[in-house]
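*Asks:* I'm passing along coords_25.txt; it holds compact mmCIF, C-alpha atoms.
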# COMPACT_ATOMS: atom_id res chain seq x y z
CA MET A 126 0.00 0.00 0.00
CA GLN A 127 1.31 3.43 -0.93
CA VAL A 128 0.73 6.16 1.62
CA ASN A 129 -0.11 9.48 -0.01
CA PHE A 130 -0.50 12.53 2.17
CA ASP A 131 -2.52 14.96 0.08
CA PHE A 132 -3.99 17.94 1.93
CA SER A 133 -5.20 19.85 -1.12
CA GLY A 134 -8.36 21.76 -0.31
CA GLN A 135 -7.83 21.39 3.44
CA HIS A 136 -7.23 24.22 5.90
CA VAL A 137 -4.35 23.73 8.34
CA VAL A 138 -3.58 26.19 11.16
CA VAL A 139 -0.23 26.08 12.96
CA PHE A 140 0.25 28.16 16.12
CA GLY A 141 3.92 28.88 16.70
CA GLY A 142 4.35 27.98 13.04
CA THR A 143 7.07 30.47 12.09
CA THR A 144 10.12 28.93 13.77
CA GLY A 145 11.61 25.62 14.82
CA ILE A 146 9.64 22.38 14.92
CA ASN A 147 6.34 24.08 14.15
CA PHE A 148 7.80 25.82 11.10
CA GLY A 149 8.97 22.41 9.90
CA ILE A 150 5.41 21.14 10.31
CA ALA A 151 4.09 24.15 8.39
CA HIS A 152 6.54 23.41 5.56
CA ALA A 153 5.33 19.81 5.39
CA PHE A 154 1.66 20.76 5.07
CA ALA A 155 2.48 23.49 2.53
CA ARG A 156 4.35 20.92 0.41
CA GLN A 157 1.28 18.69 0.53
CA GLY A 158 -1.03 21.37 -0.86
CA ALA A 159 -2.83 22.60 2.26
CA SER A 160 -4.28 26.08 2.58
CA LEU A 161 -2.08 27.15 5.46
CA THR A 162 -2.37 29.66 8.30
CA VAL A 163 0.60 30.29 10.58
CA VAL A 164 0.23 32.25 13.82
CA SER A 165 3.08 33.66 15.88
CA ARG A 166 3.70 36.47 18.33
CA LYS A 167 6.31 38.41 16.35
CA PRO A 168 5.09 40.13 13.16
CA GLU A 169 8.55 39.97 11.59
CA ASN A 170 8.62 36.19 12.01
CA VAL A 171 5.16 35.90 10.47
CA GLU A 172 6.20 37.95 7.45
CA ALA A 173 9.40 35.97 6.87
CA ALA A 174 7.68 32.61 7.32
CA THR A 175 4.76 33.33 5.01
CA THR A 176 7.10 34.54 2.28
CA GLU A 177 9.07 31.29 2.46
CA LEU A 178 5.99 29.06 2.67
CA ARG A 179 4.42 30.67 -0.39
CA SER A 180 7.30 29.33 -2.46
CA TYR A 181 5.40 26.04 -2.71
CA GLY A 182 2.70 27.82 -4.69
CA GLY A 183 -0.16 27.28 -2.25
CA LYS A 184 -2.38 29.56 -0.21
CA VAL A 185 -0.69 30.92 2.91
CA HIS A 186 -1.99 33.36 5.50
CA GLY A 187 -0.04 34.75 8.44
CA VAL A 188 -1.39 36.30 11.65
CA SER A 189 0.41 37.84 14.61
CA ALA A 190 -1.08 36.92 18.00
CA ASP A 191 0.18 36.05 21.48
CA VAL A 192 -1.29 32.77 22.73
CA ARG A 193 -1.45 34.24 26.24
CA ASP A 194 -4.12 36.66 25.01
CA PHE A 195 -7.42 34.74 24.75
CA ASP A 196 -9.16 37.39 22.66
CA ALA A 197 -6.19 37.83 20.30
CA VAL A 198 -6.19 34.08 19.65
CA GLY A 199 -9.90 34.27 18.87
CA ARG A 200 -9.39 37.11 16.41
CA ALA A 201 -6.54 35.26 14.70
CA LEU A 202 -8.67 32.17 14.24
CA GLN A 203 -11.65 34.13 12.97
CA ALA A 204 -9.46 35.90 10.39
CA SER A 205 -8.07 32.54 9.32
CA VAL A 206 -11.50 30.93 8.91
CA ASP A 207 -12.82 33.97 7.07
CA ARG A 208 -10.10 33.42 4.50
CA PHE A 209 -9.86 29.64 4.13
CA GLY A 210 -12.95 28.17 5.79
CA LEU A 211 -13.33 25.69 8.63
CA ILE A 212 -10.19 24.12 10.07
CA ASP A 213 -9.31 20.55 9.10
CA THR A 214 -6.08 20.35 11.12
CA LEU A 215 -4.99 22.50 14.06
CA VAL A 216 -1.44 22.36 15.43
CA SER A 217 -0.85 24.04 18.80
CA GLY A 218 2.88 24.40 19.30
CA ALA A 219 3.72 27.76 20.86
CA ALA A 220 6.19 27.24 23.70
CA GLY A 221 8.74 28.96 25.92
CA ASN A 222 11.56 27.56 28.02
CA PHE A 223 14.84 28.35 29.76
CA LEU A 224 17.22 26.53 32.10
CA CYS A 225 17.01 27.39 35.80
CA GLU A 226 16.99 25.58 39.14
CA ALA A 227 13.64 25.85 40.90
CA LYS A 228 15.24 27.50 43.96
CA ASP A 229 16.56 30.30 41.75
CA MET A 230 13.46 30.70 39.58
CA SER A 231 11.22 33.72 40.05
CA SER A 232 7.48 33.37 40.29
CA ASN A 233 7.17 35.33 37.07
CA GLY A 234 9.66 33.07 35.29
CA PHE A 235 7.64 30.00 36.24
CA LYS A 236 4.39 31.72 35.29
CA VAL A 237 5.61 32.84 31.86
CA VAL A 238 6.36 29.28 30.74
CA VAL A 239 3.10 27.91 32.15
CA ASP A 240 1.16 30.76 30.53
CA ILE A 241 2.67 30.14 27.10
CA ASP A 242 2.79 26.35 27.11
CA LEU A 243 -0.31 25.35 29.07
CA VAL A 244 -2.65 28.33 29.27
CA GLY A 245 -1.76 29.22 25.69
CA SER A 246 -2.64 25.71 24.55
CA PHE A 247 -6.01 25.96 26.27
CA HIS A 248 -6.65 29.33 24.62
CA VAL A 249 -5.87 27.92 21.17
CA LEU A 250 -8.00 24.80 21.55
CA ARG A 251 -10.88 26.54 23.31
CA GLN A 252 -11.11 29.33 20.73
CA ALA A 253 -10.65 26.92 17.83
CA HIS A 254 -13.45 24.55 18.82
CA ALA A 255 -16.19 26.51 17.08
CA HIS A 256 -14.11 26.61 13.88
CA LEU A 257 -13.10 22.95 13.67
CA LYS A 258 -14.64 20.76 10.98
CA LYS A 259 -17.09 18.38 12.64
CA PRO A 260 -16.71 15.51 12.13
CA GLY A 261 -13.23 15.05 10.80
CA ALA A 262 -10.94 17.64 12.40
CA SER A 263 -7.54 16.64 13.77
CA VAL A 264 -5.90 18.59 16.60
CA ILE A 265 -2.21 18.07 17.33
CA ASN A 266 -0.56 19.46 20.46
CA ILE A 267 3.23 19.70 20.58
CA THR A 268 4.36 18.60 24.03
CA ALA A 269 7.80 17.45 25.28
CA PRO A 270 9.51 14.59 27.13
CA GLN A 271 9.52 16.83 30.22
CA SER A 272 5.80 16.10 30.53
CA PHE A 273 6.54 12.61 31.87
CA ILE A 274 10.33 12.54 32.48
CA PRO A 275 11.39 14.84 35.35
CA MET A 276 14.45 16.88 34.43
CA ARG A 277 16.51 19.23 36.51
CA TYR A 278 16.32 22.95 35.62
CA GLN A 279 12.93 22.31 34.01
CA ALA A 280 10.32 22.56 36.80
CA HIS A 281 8.29 25.10 34.82
CA ALA A 282 8.35 23.17 31.52
CA CYS A 283 7.72 19.81 33.23
CA ALA A 284 4.63 21.17 34.98
CA ALA A 285 3.32 22.97 31.89
CA LYS A 286 3.82 20.10 29.45
CA ALA A 287 2.29 17.58 31.85
CA GLY A 288 -0.75 19.84 31.83
CA VAL A 289 -0.79 19.87 28.03
CA ASP A 290 -0.81 16.07 27.98
CA GLN A 291 -3.78 15.89 30.32
CA LEU A 292 -5.57 18.61 28.37
CA THR A 293 -5.09 16.46 25.27
CA ARG A 294 -6.62 13.41 26.94
CA VAL A 295 -9.56 15.25 28.50
CA LEU A 296 -10.54 17.03 25.28
CA ALA A 297 -10.21 13.78 23.34
CA LEU A 298 -12.91 12.45 25.66
CA GLU A 299 -15.09 15.56 25.55
CA TRP A 300 -14.85 16.31 21.83
CA GLY A 301 -14.64 12.76 20.47
CA GLY A 302 -18.41 12.59 20.06
CA GLU A 303 -18.20 15.44 17.57
CA GLY A 304 -15.71 13.52 15.45
CA ILE A 305 -12.69 15.58 16.57
CA ARG A 306 -9.45 13.69 17.15
CA ILE A 307 -6.86 15.18 19.54
CA ASN A 308 -3.33 13.85 19.96
CA SER A 309 0.06 15.04 21.20
CA ILE A 310 3.52 14.71 19.69
CA SER A 311 6.45 14.65 22.12
CA PRO A 312 9.63 15.53 20.18
CA GLY A 313 12.95 14.43 21.59
CA PRO A 314 16.28 16.13 20.76
CA ILE A 315 15.58 17.72 17.38
CA ASP A 316 18.76 19.18 15.92
CA GLY A 317 18.83 22.67 14.46
CA THR A 318 16.09 24.19 16.64
CA GLU A 319 16.42 27.05 19.11
CA GLY A 320 15.10 24.89 21.94
CA PHE A 321 17.72 22.25 21.22
CA ARG A 322 20.48 24.85 21.30
CA LYS A 323 19.26 26.21 24.63
CA LEU A 324 19.18 22.80 26.30
CA MET A 325 22.36 21.38 24.78
CA ALA A 326 25.86 22.35 25.89
CA PRO A 327 28.02 23.60 23.00
CA ALA A 328 30.97 21.27 23.72
CA PRO A 329 31.31 18.63 20.98
CA SER A 330 31.96 15.95 23.61
CA GLU A 331 28.64 16.68 25.33
CA ARG A 332 26.76 16.66 22.03
CA GLU A 333 28.31 13.31 21.20
CA ARG A 334 27.41 11.91 24.60
CA ALA A 335 23.81 13.02 24.22
CA ARG A 336 23.64 11.62 20.68
CA ASN A 337 24.98 8.25 21.82
CA ALA A 338 22.40 8.14 24.62
CA VAL A 339 19.59 8.07 22.05
CA PRO A 340 18.78 4.44 21.21
CA LEU A 341 18.79 5.23 17.47
CA LYS A 342 22.17 6.98 17.89
CA ARG A 343 21.15 10.19 16.18
CA PHE A 344 19.36 13.44 16.89
CA GLY A 345 16.00 13.96 15.25
CA SER A 346 15.26 16.21 12.29
CA LEU A 347 12.41 18.60 11.59
CA ASP A 348 11.12 16.16 8.99
CA ASP A 349 10.88 13.40 11.59
CA VAL A 350 8.32 15.40 13.57
CA ALA A 351 6.60 16.85 10.51
CA ASN A 352 6.03 13.40 8.98
CA LEU A 353 4.35 12.24 12.19
CA ALA A 354 2.12 15.33 12.13
CA LEU A 355 1.13 14.54 8.53
CA PHE A 356 0.22 11.01 9.54
CA LEU A 357 -1.86 12.09 12.54
CA ALA A 358 -3.76 14.58 10.39
CA SER A 359 -4.45 12.01 7.70
CA PRO A 360 -7.18 9.36 7.35
CA PHE A 361 -4.53 6.73 8.09
CA ALA A 362 -4.73 7.84 11.75
CA GLY A 363 -8.52 8.07 11.72
CA TYR A 364 -8.96 5.87 14.81
CA ILE A 365 -6.17 7.43 16.90
CA SER A 366 -7.22 9.96 19.54
CA GLY A 367 -6.06 10.87 23.03
CA ALA A 368 -2.56 9.54 22.32
CA LEU A 369 0.78 10.97 23.38
CA ILE A 370 3.28 9.83 20.75
CA PRO A 371 7.03 10.27 21.35
CA CYS A 372 9.15 11.17 18.33
CA ASP A 373 12.53 10.83 19.97
CA GLY A 374 14.47 7.86 18.65
CA GLY A 375 13.51 5.81 21.69
CA GLY A 376 14.66 8.38 24.22
CA ALA A 377 11.33 8.30 26.06
CA MET A 378 12.62 5.12 27.68
CA GLU A 379 14.75 7.56 29.74
CA SER A 380 18.14 6.43 28.53
CA VAL A 381 18.69 9.90 27.07
CA LYS A 382 17.86 11.72 30.32
CA PRO A 383 21.28 11.56 32.08
CA ALA A 384 23.09 12.88 29.02
CA LEU A 385 20.64 15.74 28.56
CA GLU A 386 20.87 16.67 32.25
CA SER A 387 24.66 16.59 32.04
CA ALA A 388 24.44 18.87 29.02
CA GLY A 389 22.15 21.08 31.10
CA ASP A 390 24.80 21.27 33.80
CA GLU A 391 27.29 22.48 31.20
CA ALA A 392 24.83 24.92 29.66
CA THR A 393 23.87 26.51 32.99
CA ALA A 394 27.54 26.77 33.95
CA SER A 395 28.32 28.46 30.65
CA ALA A 396 25.41 30.88 31.15
CA ALA A 397 26.65 31.76 34.64
CA LYS A 398 30.08 32.68 33.26
CA ALA A 399 28.64 34.81 30.44
Please re-express this file's structure in structure tokens.
*Replies:*
Amino acid sequence: MQVNFDFSGQHVVVFGGTTGINFGIAHAFARQGASLTVVSRKPENVEAATTELRSYGGKVHGVSADVRDFDAVGRALQASVDRFGLIDTLVSGAAGNFLCEAKDMSSNGFKVVVDIDLVGSFHVLRQAHAHLKKPGASVINITAPQSFIPMRYQAHACAAKAGVDQLTRVLALEWGGEGIRINSISPGPIDGTEGFRKLMAPAPSERERARNAVPLKRFGSLDDVANLALFLASPFAGYISGALIPCDGGGAMESVKPALESAGDEATASAAKA
């Protein structure tokens, strides 16, 4: 059987879709013919991303909105639907993170990450509900291994992403009767992203140690995550809902954790000297 991901005539919305993993996902859907909306906080990122995504020849719309602002998210979605119609696939991937021990973290620092990752995810899904195609819509949340693997320097992200996972499961129960599928992707160490650079020490020896700790012996690529998103949005995943799916080369089995924490030690030490 040949698997053909064709999203021609479908409307895909990607929050956080102008950089990193989410931009890779946006590229994948644009290549497959989707009418694409990307939403991000920074207008300059939106402009640059939409220009690049239009190179595939499809319909692309960009909106600037902060996921922490419930009303701004609603306006962004309404503008998107006004242009391309009801949403077939929604990707919620806006995120924030930094390395810090809990004892040194300010209340505001903790709150910022929770507000972007967890509250922002709720805002996106809650405001999108009225605009999702029923039945048939696919919602994909981008979570992280921190949601179920405790990691030092990551109390804020661990708490926020665990909340995103439970939000995924609860809404899969509540919205399943309307024919809406909701799943989460948990990317592991994806090379070339800003988040990866923040969490990985620059020393080649530490990168090599972390790479060797992954069972598949390599870091992931943007295409690895994007291909999983295409699958989850397709009819081939039509009976999958409420699932948290790692895309991490086997690292969810925790073998990668010590190496990443060691890299975190090096990264925080380097930051302290800067």
*Asks:* Which distance in Å separates atom CA of A:Arg193 and atom CA of A:Arg166, to one decimal?
*Replies:* 9.7 Å
*Asks:* Near A:Leu292, counting only C-alpha atoms, which residues have an atom at most 8 Å away, once you skip same-chain residues fewer than 4 positions from it, shown as a PyMOL selection string?
*Replies:* chain A and resi 247+288+296
*Asks:* Could you dump the residues just selected with C-alpha atoms as a compact mmCIF listing (two decimals), in the frame of the given file?
*Replies:*
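The resulting result-v2.txt:
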# COMPACT_ATOMS: atom_id res chain seq x y z
CA PHE A 247 -6.01 25.96 26.27
CA GLY A 288 -0.75 19.84 31.83
CA LEU A 296 -10.54 17.03 25.28
*Asks:* Find the residue from A:Val198, A:Val264, A:Val237, A:Leu250 that sits nearest to A:Leu357; use all atoms listed in the file when measuring.
*Replies:*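 Distance minimum relative to A:Leu357 lands on A:Val264.
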*Asks:* In the coordinates of the file, take the point (7.9, 20.6, 27.9) and a cut-off of 10 Å; then, counting only C-alpha atoms, name each qualifying protein, DNA or RNA residue as a PyMOL selection string.
*Replies:* chain A and resi 220-222+238-239+242-243+267-274+276+279-290+311-312
*Asks:* Rank A:Asp213, A:Glu169, A:Glu299, A:Asp229 by their smallest atom-to-atom distance to A:Ser263, using only C-alpha atoms, and report the top residue only.
*Replies:*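 Checking each of A:Asp213, A:Glu169, A:Glu299, A:Asp229 against A:Ser263, counting only C-alpha atoms, the winner is A:Asp213.
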*Asks:* Neighbours of A:Asn147 within 10 Å (only C-alpha atoms; same-chain residues fewer than 6 positions away dropped), as a ChimeraX atom specification?
*Replies:* /A:139-141,153,163,216-219,267,347,350-351,354
*Asks:* Grab the atom CA of A:Thr162 to atom CA of A:Asp316 distance for me, in Å with one decimal place.
*Replies:*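 Between atom CA of A:Thr162 and atom CA of A:Asp316 the gap works out to 24.8 Å.
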*Asks:* Which one of A:Pro260, A:Pro168, A:His136, A:Ile150 sits closest to A:Asp207 if you count all atoms listed in the file?
*Replies:*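 Of A:Pro260, A:Pro168, A:His136, A:Ile150, the one nearest A:Asp207 is A:His136, counting all atoms listed in the file.
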*Asks:* Which residue is closest to A:Gly261? Choose from A:Tyr364, A:Phe235, A:Phe223, A:Phe154 and count all atoms listed in the file.
*Replies:*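 Looking at the shortest contact to A:Gly261, the residue is A:Tyr364.
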*Asks:* Report the distance between atom CA of A:Ser232 and atom CA of A:Pro275 in Å, rounded to one decimal place.
*Replies:*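 That distance, rounded to one decimal, is 19.6 Å.
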*Asks:* Box for stretch 167-177 of chain A - axis-aligned, 5 Å on each of the six sides, all listed atoms - centre and size in Å to one decimal, as lines of an AutoDock Vina configuration file.
*Replies:*
center_x = 7.1
center_y = 35.7
center_z = 9.3
size_x = 14.6
size_y = 18.8
size_z = 24.1
*Asks:* Just add N, CA and C atoms to stretch 159-194 of chain A and send it as an mmCIF file, in the coordinates of the input.
*Replies:*
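Written output follows (result05.cif):
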data_model
loop_
_atom_site.group_PDB
_atom_site.id
_atom_site.type_symbol
_atom_site.label_atom_id
_atom_site.label_comp_id
_atom_site.auth_asym_id
_atom_site.auth_seq_id
_atom_site.Cartn_x
_atom_site.Cartn_y
_atom_site.Cartn_z
ATOM 1 N N ALA A 159 -1.835 22.033 1.350
ATOM 2 C CA ALA A 159 -2.830 22.600 2.260
ATOM 3 C C ALA A 159 -2.938 24.113 2.091
ATOM 4 N N SER A 160 -4.118 24.642 2.365
ATOM 5 C CA SER A 160 -4.280 26.080 2.580
ATOM 6 C C SER A 160 -3.850 26.328 4.021
ATOM 7 N N LEU A 161 -2.804 27.119 4.201
ATOM 8 C CA LEU A 161 -2.080 27.150 5.460
ATOM 9 C C LEU A 161 -2.162 28.505 6.160
ATOM 10 N N THR A 162 -2.462 28.464 7.456
ATOM 11 C CA THR A 162 -2.370 29.660 8.300
ATOM 12 C C THR A 162 -1.321 29.422 9.360
ATOM 13 N N VAL A 163 -0.369 30.358 9.491
ATOM 14 C CA VAL A 163 0.600 30.290 10.580
ATOM 15 C C VAL A 163 0.374 31.485 11.501
ATOM 16 N N VAL A 164 0.466 31.216 12.804
ATOM 17 C CA VAL A 164 0.230 32.250 13.820
ATOM 18 C C VAL A 164 1.430 32.294 14.744
ATOM 19 N N SER A 165 1.936 33.497 15.000
ATOM 20 C CA SER A 165 3.080 33.660 15.880
ATOM 21 C C SER A 165 3.036 35.053 16.505
ATOM 22 N N ARG A 166 3.763 35.207 17.597
ATOM 23 C CA ARG A 166 3.700 36.470 18.330
ATOM 24 C C ARG A 166 4.392 37.623 17.614
ATOM 25 N N LYS A 167 5.508 37.352 16.942
ATOM 26 C CA LYS A 167 6.310 38.410 16.350
ATOM 27 C C LYS A 167 5.931 38.644 14.889
ATOM 28 N N PRO A 168 5.486 39.846 14.548
ATOM 29 C CA PRO A 168 5.090 40.130 13.160
ATOM 30 C C PRO A 168 6.201 39.872 12.154
ATOM 31 N N GLU A 169 7.452 40.169 12.529
ATOM 32 C CA GLU A 169 8.550 39.970 11.590
ATOM 33 C C GLU A 169 8.761 38.479 11.277
ATOM 34 N N ASN A 170 8.520 37.630 12.269
ATOM 35 C CA ASN A 170 8.620 36.190 12.010
ATOM 36 C C ASN A 170 7.493 35.709 11.099
ATOM 37 N N VAL A 171 6.308 36.270 11.312
ATOM 38 C CA VAL A 171 5.160 35.900 10.470
ATOM 39 C C VAL A 171 5.429 36.279 9.017
ATOM 40 N N GLU A 172 5.952 37.490 8.815
ATOM 41 C CA GLU A 172 6.200 37.950 7.450
ATOM 42 C C GLU A 172 7.251 37.080 6.755
ATOM 43 N N ALA A 173 8.341 36.786 7.457
ATOM 44 C CA ALA A 173 9.400 35.970 6.870
ATOM 45 C C ALA A 173 8.914 34.550 6.566
ATOM 46 N N ALA A 174 8.157 33.985 7.494
ATOM 47 C CA ALA A 174 7.680 32.610 7.320
ATOM 48 C C ALA A 174 6.694 32.492 6.165
ATOM 49 N N THR A 175 5.754 33.416 6.080
ATOM 50 C CA THR A 175 4.760 33.330 5.010
ATOM 51 C C THR A 175 5.400 33.502 3.639
ATOM 52 N N THR A 176 6.393 34.362 3.556
ATOM 53 C CA THR A 176 7.100 34.540 2.280
ATOM 54 C C THR A 176 7.761 33.236 1.853
ATOM 55 N N GLU A 177 8.399 32.559 2.783
ATOM 56 C CA GLU A 177 9.070 31.290 2.460
ATOM 57 C C GLU A 177 8.056 30.204 2.120
ATOM 58 N N LEU A 178 6.977 30.127 2.877
ATOM 59 C CA LEU A 178 5.990 29.060 2.670
ATOM 60 C C LEU A 178 5.237 29.221 1.352
ATOM 61 N N ARG A 179 5.111 30.447 0.885
ATOM 62 C CA ARG A 179 4.420 30.670 -0.390
ATOM 63 C C ARG A 179 5.211 30.160 -1.580
ATOM 64 N N SER A 180 6.471 29.822 -1.354
ATOM 65 C CA SER A 180 7.300 29.330 -2.460
ATOM 66 C C SER A 180 6.803 27.997 -3.006
ATOM 67 N N TYR A 181 5.965 27.300 -2.232
ATOM 68 C CA TYR A 181 5.400 26.040 -2.710
ATOM 69 C C TYR A 181 4.220 26.257 -3.647
ATOM 70 N N GLY A 182 3.764 27.498 -3.753
ATOM 71 C CA GLY A 182 2.700 27.820 -4.690
ATOM 72 C C GLY A 182 1.298 27.715 -4.133
ATOM 73 N N GLY A 183 1.163 27.416 -2.840
ATOM 74 C CA GLY A 183 -0.160 27.280 -2.250
ATOM 75 C C GLY A 183 -0.641 28.547 -1.571
ATOM 76 N N LYS A 184 -1.793 28.444 -0.931
ATOM 77 C CA LYS A 184 -2.380 29.560 -0.210
ATOM 78 C C LYS A 184 -1.834 29.611 1.207
ATOM 79 N N VAL A 185 -1.290 30.767 1.585
ATOM 80 C CA VAL A 185 -0.690 30.920 2.910
ATOM 81 C C VAL A 185 -1.139 32.243 3.514
ATOM 82 N N HIS A 186 -1.547 32.178 4.763
ATOM 83 C CA HIS A 186 -1.990 33.360 5.500
ATOM 84 C C HIS A 186 -1.211 33.412 6.811
ATOM 85 N N GLY A 187 -0.763 34.582 7.198
ATOM 86 C CA GLY A 187 -0.040 34.750 8.440
ATOM 87 C C GLY A 187 -0.727 35.745 9.361
ATOM 88 N N VAL A 188 -0.756 35.426 10.656
ATOM 89 C CA VAL A 188 -1.390 36.300 11.650
ATOM 90 C C VAL A 188 -0.461 36.421 12.852
ATOM 91 N N SER A 189 -0.371 37.622 13.396
ATOM 92 C CA SER A 189 0.410 37.840 14.610
ATOM 93 C C SER A 189 -0.531 37.858 15.812
ATOM 94 N N ALA A 190 -0.271 36.978 16.780
ATOM 95 C CA ALA A 190 -1.080 36.920 18.000
ATOM 96 C C ALA A 190 -0.274 36.220 19.088
ATOM 97 N N ASP A 191 -0.456 36.658 20.317
ATOM 98 C CA ASP A 191 0.180 36.050 21.480
ATOM 99 C C ASP A 191 -0.790 35.048 22.093
ATOM 100 N N VAL A 192 -0.369 33.796 22.231
ATOM 101 C CA VAL A 192 -1.290 32.770 22.730
ATOM 102 C C VAL A 192 -1.735 33.031 24.165
ATOM 103 N N ARG A 193 -1.035 33.903 24.872
ATOM 104 C CA ARG A 193 -1.450 34.240 26.240
ATOM 105 C C ARG A 193 -2.665 35.154 26.266
ATOM 106 N N ASP A 194 -2.993 35.728 25.118
ATOM 107 C CA ASP A 194 -4.120 36.660 25.010
ATOM 108 C C ASP A 194 -5.303 35.917 24.377
#
